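Engineer: Below you'll find the structure I mean.
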There are 2 protein chains.
Amino acid sequence: MIQIPSLDYSIEIGAIHASSFRKFLVENFNQSKKVIICDENTNEHCVSYLTTSFDELANAEIIVLPSGEENKIMEICLQVWEALSDYKIQRGDLIINVGGGMITDLGAFVASIYKRGVPFINIPTSLLAMVDASSGGKTGVDLGPYKNQLGLFSTPQLVVCDPIFLGTLPEEEKLWGKAEMLKHGLIRSKPHWNSLKNISVSEINAETIATSVGIKNDVVLKDFKEENIRKGLNFGHTIGHALEGYFLSKNKKSHGHCVAWGLVAESLLAYKFGKLPKEEYADIYQTISKEYPAIQFETSVIEVLLELMENDKKNTKSGINFTTISTIGEAHIDYSFSVAEITEVLQELFIQH
Amino acid sequence: MIQIPSLDYSIEIGAIHASSFRKFLVENFNQSKKVIICDENTNEHCVSYLTTSFDELANAEIIVLPSGEENKIMEICLQVWEALSDYKIQRGDLIINVGGGMITDLGAFVASIYKRGVPFINIPTSLLAMVDASSGGKTGVDLGPYKNQLGLFSTPQLVVCDPIFLGTLPEEEKLWGKAEMLKHGLIRSKPHWNSLKNISVSEINAETIATSVGIKNDVVLKDFKEENIRKGLNFGHTIGHALEGYFLSKNKKSHGHCVAWGLVAESLLAYKFGKLPKEEYADIYQTISKEYPAIQFETSVIEVLLELMENDKKNTKSGINFTTISTIGEAHIDYSFSVAEITEVLQELFIQH
């Protein structure tokens, strides 16, 4: 069991039986009502594993949401809040989020807003949620095409990442999670980048996950509210979020898929208009384009993407805000690229010639 | 200008021209977009006073909401968030809430959730919002009949209470605000209670307001997250909120009206089943019943009210949580009364015999 202490909680990576999950339930929530929030998939593949393994969850209420990022919206939150009211959930009760990033983002938001805050535990079941969404205290939902536009900073009581749940995922899902891990390497650790480059997603284990969680947590501890260095974690996400928002209403593409190509695009910006050496960009392009399906669209889409970027949360008065890298492993925040530069890069990477 | 320092902001009571409002706009938000959130009434009576007095607000966007507590709901928030997205409001921009408790509660919530938090200033225009809702950091909206069920703790940048706005209110509205002031006296200051008892609402001025704000602020500074003594501010509100929730879908009654009778009912509980002396209860009953219209309903409603109380935010596993008083000016938190005791009191006060 790998334990990573975070702000006022800890992130545990390993078999949930060996984690402090049961102790937590017994010591802090013995008399409390428990509510599990999950989606159709995790209800089938993960929740029964938990409820049969832990007697303490025998009477838990289970709220099953429709799966998919398009359901990470306020309308769904309202349904959950109504269910919590019906169950008469009080401030001393406990919410347990079991699922991918959509469930941990939305479930943590729902818990943090209900009665101004009910304690919650995250049990991420996708690689992406394990290495990114489930820890760090960002919670929220989307507003139309704008990703995570509504939310707040709020920490869980405990996060348990049990790799057993990765066995329930298609290979593709793991690939989407690996994109965030590659990002961790690009912004903070060349060794992590190099080790990820050479392994397939099926080889990702508790130790690799812990390295990524550790990098993210290190940044979060230094800047919880994203006033400075935490912005580094947004590398690949300015363009990635725009791609994701654009495709949300079309042939939907996953967050990790869009982030992977966001990493390539923002690395190309860093090479063409910043300091990233050509051979490092080539390394990034080859690594990612080899594993992640290409993304292509018509020229007219560029304008839509720029419009979405203009509403990015990180922006200030001075334009679209980027994190950039000067070399693999070293990020720089609050960087600006011009619309012409962004357009050039989007054209080079995504427009069929 | 009376200045009351609070957590990380200050509450100013007096003419807004003499306050630090302009300095704040110039020094911190000179280049920022400004959005004013108001309702139909405050748009007509208060917002033009502000926009014509302060050049800095000349280009402010104005979002006008339908007035009334029944609009303090998530569906209205969603409309505001969509408008903020359309205006491309960023984290460094400013939201100014101009209105009564519905506007400051909802506007502060909207600002705190949008992009995980945009700075906001509260300019309360009702007595109730001045002495209660606009400061202290509680933000939120209702969920069906459950008051303030969804929200978070989040502080404004500045609160300015300008008594000039009270001139735009009907007498009745001021009466509702006075209920919270009476509560401040009952829980923390017999002198404040005694002075309020003997003045009409038209005599309430900056000094009386400041005394109430000071009492509330003192409690909030000691216990921001309502883990202990802040619960004292809920005196009158367990029954008051249930009354308000019940009447929301009927012949609506204002928050202050329900709180006034909540104070009487919870004082009767304190006298019959607690330590409040008979003559003090008589004083409370006479003072409030003289000024506030009686509330009456059928016996069957008692069950509905008890059901609403069971979902009160303050409850723990051990039952319906009350604040009680042992004497005027001294509150005690985390007190329980039985369903039989509550029923007896509701019957005595509210059922037509």
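Scheme for the structure tokens: letters A, B, ... for chains in order shown; per-chain residue numbers from 1; ligand numbers from 1 in order shown.
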For chain A, which residues have at least one atom within 9 Å of chain B, if we go by only C-alpha atoms? Write them as a compact mmCIF listing (two decimals) with N, CA and C atoms, in the first residue's frame, please.
Structural biologist:
# COMPACT_ATOMS: atom_id res chain seq x y z
N GLN A 31 -22.03 5.37 12.60
CA GLN A 31 -23.46 5.62 12.76
C GLN A 31 -24.04 6.40 11.58
N SER A 32 -23.21 6.73 10.61
CA SER A 32 -23.67 7.61 9.53
C SER A 32 -24.33 6.83 8.41
N MET A 74 -25.17 20.33 -14.40
CA MET A 74 -25.94 20.75 -13.23
C MET A 74 -27.30 20.04 -13.14
N GLU A 75 -27.90 19.74 -14.28
CA GLU A 75 -29.22 19.08 -14.27
C GLU A 75 -29.12 17.72 -13.56
N LEU A 78 -28.76 18.25 -9.80
CA LEU A 78 -30.04 18.53 -9.15
C LEU A 78 -30.78 17.24 -8.81
N TRP A 81 -29.07 15.79 -5.76
CA TRP A 81 -29.41 16.53 -4.53
C TRP A 81 -30.82 16.20 -4.06
N GLU A 82 -31.72 16.03 -5.01
CA GLU A 82 -33.08 15.65 -4.61
C GLU A 82 -33.09 14.27 -3.97
N SER A 85 -31.80 14.56 -0.45
CA SER A 85 -32.85 15.10 0.42
C SER A 85 -33.85 14.02 0.78
N ASP A 86 -34.23 13.22 -0.22
CA ASP A 86 -35.18 12.13 0.05
C ASP A 86 -34.62 11.14 1.06
N LYS A 88 -32.70 11.91 3.34
CA LYS A 88 -32.45 12.69 4.56
C LYS A 88 -30.97 12.65 4.98
N ILE A 89 -30.10 12.82 4.01
CA ILE A 89 -28.67 12.83 4.30
C ILE A 89 -28.32 14.12 5.05
N GLN A 90 -27.55 13.96 6.13
CA GLN A 90 -27.16 15.09 6.97
C GLN A 90 -25.66 15.38 6.82
N ARG A 91 -25.24 16.49 7.42
CA ARG A 91 -23.83 16.89 7.31
C ARG A 91 -22.84 15.85 7.83
N GLY A 92 -23.26 15.02 8.77
CA GLY A 92 -22.34 14.03 9.35
C GLY A 92 -22.35 12.72 8.59
N ASP A 93 -23.11 12.63 7.51
CA ASP A 93 -23.16 11.39 6.74
C ASP A 93 -22.01 11.37 5.72
N VAL A 110 -21.16 17.68 -5.87
CA VAL A 110 -22.47 17.47 -5.24
C VAL A 110 -22.33 17.43 -3.71
N SER A 112 -19.90 18.64 -1.85
CA SER A 112 -19.36 19.88 -1.28
C SER A 112 -20.38 21.01 -1.22
N ILE A 113 -21.41 20.92 -2.06
CA ILE A 113 -22.43 21.96 -2.13
C ILE A 113 -23.65 21.60 -1.28
N TYR A 114 -23.92 20.32 -1.12
CA TYR A 114 -25.11 19.89 -0.37
C TYR A 114 -24.97 20.27 1.10
N LYS A 115 -25.91 21.05 1.59
CA LYS A 115 -25.87 21.56 2.97
C LYS A 115 -24.53 22.23 3.30
N ARG A 116 -23.95 22.87 2.33
CA ARG A 116 -22.63 23.52 2.43
C ARG A 116 -21.51 22.55 2.79
N GLY A 117 -21.69 21.27 2.43
CA GLY A 117 -20.58 20.35 2.56
C GLY A 117 -20.83 19.11 3.39
N LYS A 138 -10.02 19.72 -6.98
CA LYS A 138 -10.86 20.41 -7.96
C LYS A 138 -12.13 19.61 -8.16
N THR A 139 -13.27 20.27 -8.01
CA THR A 139 -14.53 19.58 -8.23
C THR A 139 -15.34 20.44 -9.19
N GLY A 140 -16.27 19.83 -9.91
CA GLY A 140 -17.09 20.68 -10.77
C GLY A 140 -17.78 19.97 -11.89
N LEU A 143 -20.51 23.49 -18.26
CA LEU A 143 -21.61 24.39 -18.60
C LEU A 143 -21.63 24.51 -20.12
N GLY A 144 -22.58 23.85 -20.75
CA GLY A 144 -22.58 23.80 -22.21
C GLY A 144 -21.24 23.23 -22.68
N TYR A 146 -18.35 24.44 -22.16
CA TYR A 146 -17.24 24.88 -21.32
C TYR A 146 -16.99 23.88 -20.21
N ASN A 148 -15.75 22.09 -16.92
CA ASN A 148 -15.51 22.40 -15.50
C ASN A 148 -15.69 23.88 -15.19
N GLN A 149 -16.67 24.48 -15.84
CA GLN A 149 -16.88 25.92 -15.69
C GLN A 149 -17.49 26.24 -14.33
N LEU A 150 -18.15 25.28 -13.73
CA LEU A 150 -18.82 25.50 -12.45
C LEU A 150 -18.25 24.54 -11.43
N GLY A 151 -17.73 25.06 -10.33
CA GLY A 151 -17.15 24.16 -9.34
C GLY A 151 -16.54 24.90 -8.19
N LEU A 152 -15.85 24.15 -7.34
CA LEU A 152 -15.13 24.77 -6.23
C LEU A 152 -13.98 23.87 -5.81
N PHE A 153 -13.06 24.43 -5.03
CA PHE A 153 -11.99 23.63 -4.46
C PHE A 153 -12.50 22.99 -3.17
N GLU A 310 -10.95 31.29 -25.60
CA GLU A 310 -11.11 32.63 -25.03
C GLU A 310 -11.94 32.61 -23.75
N ASN A 311 -12.68 31.54 -23.53
CA ASN A 311 -13.46 31.45 -22.30
C ASN A 311 -12.82 30.49 -21.30
N ASP A 312 -11.55 30.14 -21.55
CA ASP A 312 -10.86 29.23 -20.65
C ASP A 312 -10.71 29.87 -19.27
N LYS A 313 -10.87 29.05 -18.23
CA LYS A 313 -10.81 29.55 -16.85
C LYS A 313 -9.50 30.25 -16.50
N LYS A 314 -8.40 29.82 -17.11
CA LYS A 314 -7.09 30.35 -16.72
C LYS A 314 -6.82 31.75 -17.26
N ASN A 315 -7.63 32.17 -18.22
CA ASN A 315 -7.34 33.45 -18.88
C ASN A 315 -7.35 34.63 -17.93
N THR A 316 -6.55 35.62 -18.26
CA THR A 316 -6.61 36.90 -17.57
C THR A 316 -6.93 37.94 -18.63
N LYS A 317 -6.80 39.20 -18.25
CA LYS A 317 -7.13 40.25 -19.21
C LYS A 317 -6.21 40.22 -20.42
Engineer: List as a PyMOL selection string the protein and nucleic acid residues near range 36-53 of chain A, meaning an atom at most 10 Å away when only C-alpha atoms are counted, but skip any in the same chain fewer than 5 places from it.
Structural biologist: chain A and resi 16-17+22+58-68+80+94-100+102-104+106-108+110+120-126+164-165+167-169
Engineer: Enumerate the residues of range 32-183 of chain A with a DSSP assignment of helix (DSSP H, G or I), computed from the backbone, and present them as a PyMOL selection string.
Structural biologist: chain A and resi 40-53+55-57+69-71+74-86+101-113+127-133+163-168+171-183
Engineer: Pick out the residues sitting within 7 Å of range 337-346 of chain B, and hand them over as number ranges by chain; count only C-alpha atoms, and ignore anything fewer than 5 positions along from it in its own chain.
Structural biologist: B: 265, 268-269, 302
Engineer: Would you mind exporting the chosen residues as a compact mmCIF listing (two decimals), in the first residue's frame, restricted to C-alpha atoms?
Structural biologist:
# COMPACT_ATOMS: atom_id res chain seq x y z
CA ALA B 265 -41.89 29.35 19.12
CA LEU B 268 -41.71 28.99 24.13
CA LEU B 269 -39.79 25.71 23.87
CA ILE B 302 -47.64 20.27 11.94
Engineer: What's around Ile288 in chain A at 9 Å? Count only C-alpha atoms, leave out sequence neighbours fewer than 3 positions away in its own chain, and write the answer as a list of chain:residue names.
Structural biologist: A:Ala179, A:Leu182, A:Lys197, A:Ala260, A:Trp261, A:Leu263, A:Val264, A:Asp283, A:Ile284, A:Tyr285, A:Glu291, A:Tyr292, A:Pro293
Engineer: Please indicate the distance in Å from CA of Gly240 in chain B to CA of Cys258 in chain B, rounded to one decimal place.
Structural biologist: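 According to the coordinates, CA of Gly240 in chain B and CA of Cys258 in chain B are separated by 4.8 Å.
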Engineer: Distance CA of Glu12 in chain B-CA of Gly137 in chain B, one decimal place?
Structural biologist: 15.4 Å
Engineer: What does the structure give for the distance between CA of Lys174 in chain B and CA of Leu127 in chain B, in Å to one decimal?
Structural biologist: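 Computed distance, CA of Lys174 in chain B to CA of Leu127 in chain B, equals 5.6 Å.
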Engineer: Would you give me, as a ChimeraX atom specification, the residues in range 43-252 of chain A that DSSP reads as strand (DSSP E or B)?
Structural biologist: /A:61-65,73,94-99,114,120-124,138-143,146-153,158-161
Engineer: Residues as selected, N, CA and C atoms, written as a short mmCIF file (atom, residue, chain, number, x, y, z; two decimals), in the first residue's frame, can you do that?
Structural biologist:
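See part39.cif below for the written result:
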data_model
loop_
_atom_site.label_atom_id
_atom_site.label_comp_id
_atom_site.auth_asym_id
_atom_site.auth_seq_id
_atom_site.Cartn_x
_atom_site.Cartn_y
_atom_site.Cartn_z
N GLU A 61 -27.06 3.56 0.41
CA GLU A 61 -27.93 3.90 -0.72
C GLU A 61 -27.03 4.02 -1.95
N ILE A 62 -27.51 3.58 -3.08
CA ILE A 62 -26.70 3.65 -4.30
C ILE A 62 -27.40 4.53 -5.34
N ILE A 63 -26.73 5.58 -5.76
CA ILE A 63 -27.28 6.47 -6.78
C ILE A 63 -26.53 6.21 -8.08
N VAL A 64 -27.24 5.73 -9.08
CA VAL A 64 -26.60 5.35 -10.35
C VAL A 64 -26.89 6.43 -11.39
N LEU A 65 -25.82 7.03 -11.92
CA LEU A 65 -25.99 8.10 -12.91
C LEU A 65 -25.71 7.56 -14.31
N ILE A 73 -23.23 17.52 -15.66
CA ILE A 73 -23.93 18.81 -15.78
C ILE A 73 -24.81 19.06 -14.56
N LEU A 94 -21.97 10.33 4.90
CA LEU A 94 -20.81 10.14 4.02
C LEU A 94 -21.24 9.79 2.61
N ILE A 95 -20.58 10.45 1.64
CA ILE A 95 -20.78 10.13 0.23
C ILE A 95 -19.52 9.46 -0.31
N ILE A 96 -19.71 8.37 -1.03
CA ILE A 96 -18.57 7.65 -1.60
C ILE A 96 -18.72 7.64 -3.12
N ASN A 97 -17.78 8.26 -3.80
CA ASN A 97 -17.83 8.36 -5.26
C ASN A 97 -17.05 7.21 -5.86
N VAL A 98 -17.70 6.38 -6.65
CA VAL A 98 -17.05 5.21 -7.24
C VAL A 98 -17.18 5.32 -8.76
N GLY A 99 -16.09 5.71 -9.41
CA GLY A 99 -16.18 5.82 -10.86
C GLY A 99 -15.01 6.54 -11.47
N TYR A 114 -23.92 20.32 -1.12
CA TYR A 114 -25.11 19.89 -0.37
C TYR A 114 -24.97 20.27 1.10
N PHE A 120 -16.81 13.35 1.86
CA PHE A 120 -16.85 12.37 0.77
C PHE A 120 -15.50 11.67 0.60
N ILE A 121 -15.58 10.45 0.08
CA ILE A 121 -14.40 9.64 -0.23
C ILE A 121 -14.43 9.37 -1.73
N ASN A 122 -13.28 9.44 -2.38
CA ASN A 122 -13.21 9.10 -3.80
C ASN A 122 -12.56 7.73 -4.00
N ILE A 123 -13.25 6.88 -4.73
CA ILE A 123 -12.66 5.60 -5.15
C ILE A 123 -12.66 5.61 -6.67
N PRO A 124 -11.56 6.13 -7.26
CA PRO A 124 -11.49 6.22 -8.72
C PRO A 124 -11.35 4.83 -9.32
N LYS A 138 -10.02 19.72 -6.98
CA LYS A 138 -10.86 20.41 -7.96
C LYS A 138 -12.13 19.61 -8.16
N THR A 139 -13.27 20.27 -8.01
CA THR A 139 -14.53 19.58 -8.23
C THR A 139 -15.34 20.44 -9.19
N GLY A 140 -16.27 19.83 -9.91
CA GLY A 140 -17.09 20.68 -10.77
C GLY A 140 -17.78 19.97 -11.89
N VAL A 141 -18.57 20.75 -12.61
CA VAL A 141 -19.33 20.23 -13.74
C VAL A 141 -19.16 21.18 -14.93
N ASP A 142 -19.61 20.71 -16.09
CA ASP A 142 -19.50 21.51 -17.31
C ASP A 142 -20.70 22.45 -17.46
N LEU A 143 -20.51 23.49 -18.26
CA LEU A 143 -21.61 24.39 -18.60
C LEU A 143 -21.63 24.51 -20.12
N TYR A 146 -18.35 24.44 -22.16
CA TYR A 146 -17.24 24.88 -21.32
C TYR A 146 -16.99 23.88 -20.21
N LYS A 147 -15.80 23.30 -20.24
CA LYS A 147 -15.42 22.24 -19.32
C LYS A 147 -15.20 22.78 -17.91
N ASN A 148 -15.75 22.09 -16.92
CA ASN A 148 -15.51 22.40 -15.50
C ASN A 148 -15.69 23.88 -15.19
N GLN A 149 -16.67 24.48 -15.84
CA GLN A 149 -16.88 25.92 -15.69
C GLN A 149 -17.49 26.24 -14.33
N LEU A 150 -18.15 25.28 -13.73
CA LEU A 150 -18.82 25.50 -12.45
C LEU A 150 -18.25 24.54 -11.43
N GLY A 151 -17.73 25.06 -10.33
CA GLY A 151 -17.15 24.16 -9.34
C GLY A 151 -16.54 24.90 -8.19
N LEU A 152 -15.85 24.15 -7.34
CA LEU A 152 -15.13 24.77 -6.23
C LEU A 152 -13.98 23.87 -5.81
N PHE A 153 -13.06 24.43 -5.03
CA PHE A 153 -11.99 23.63 -4.46
C PHE A 153 -12.50 22.99 -3.17
N LEU A 158 -10.57 10.96 1.91
CA LEU A 158 -9.66 9.85 1.59
C LEU A 158 -9.82 9.54 0.11
N VAL A 159 -8.71 9.16 -0.54
CA VAL A 159 -8.78 8.66 -1.92
C VAL A 159 -8.11 7.29 -1.94
N VAL A 160 -8.79 6.29 -2.48
CA VAL A 160 -8.16 4.97 -2.61
C VAL A 160 -8.16 4.57 -4.09
N CYS A 161 -6.94 4.38 -4.62
CA CYS A 161 -6.78 3.95 -6.01
C CYS A 161 -6.42 2.46 -6.02
#
Engineer: Would you pick out the contacts of Leu196 in chain A at 12 Å or less, using only C-alpha atoms, so that residues sharing its chain but fewer than 4 positions from it are not included, and give the list as a PyMOL selection string?
Structural biologist: chain A and resi 175+177-186+189-192+200-205+207-209+211-212+284+287-288+291
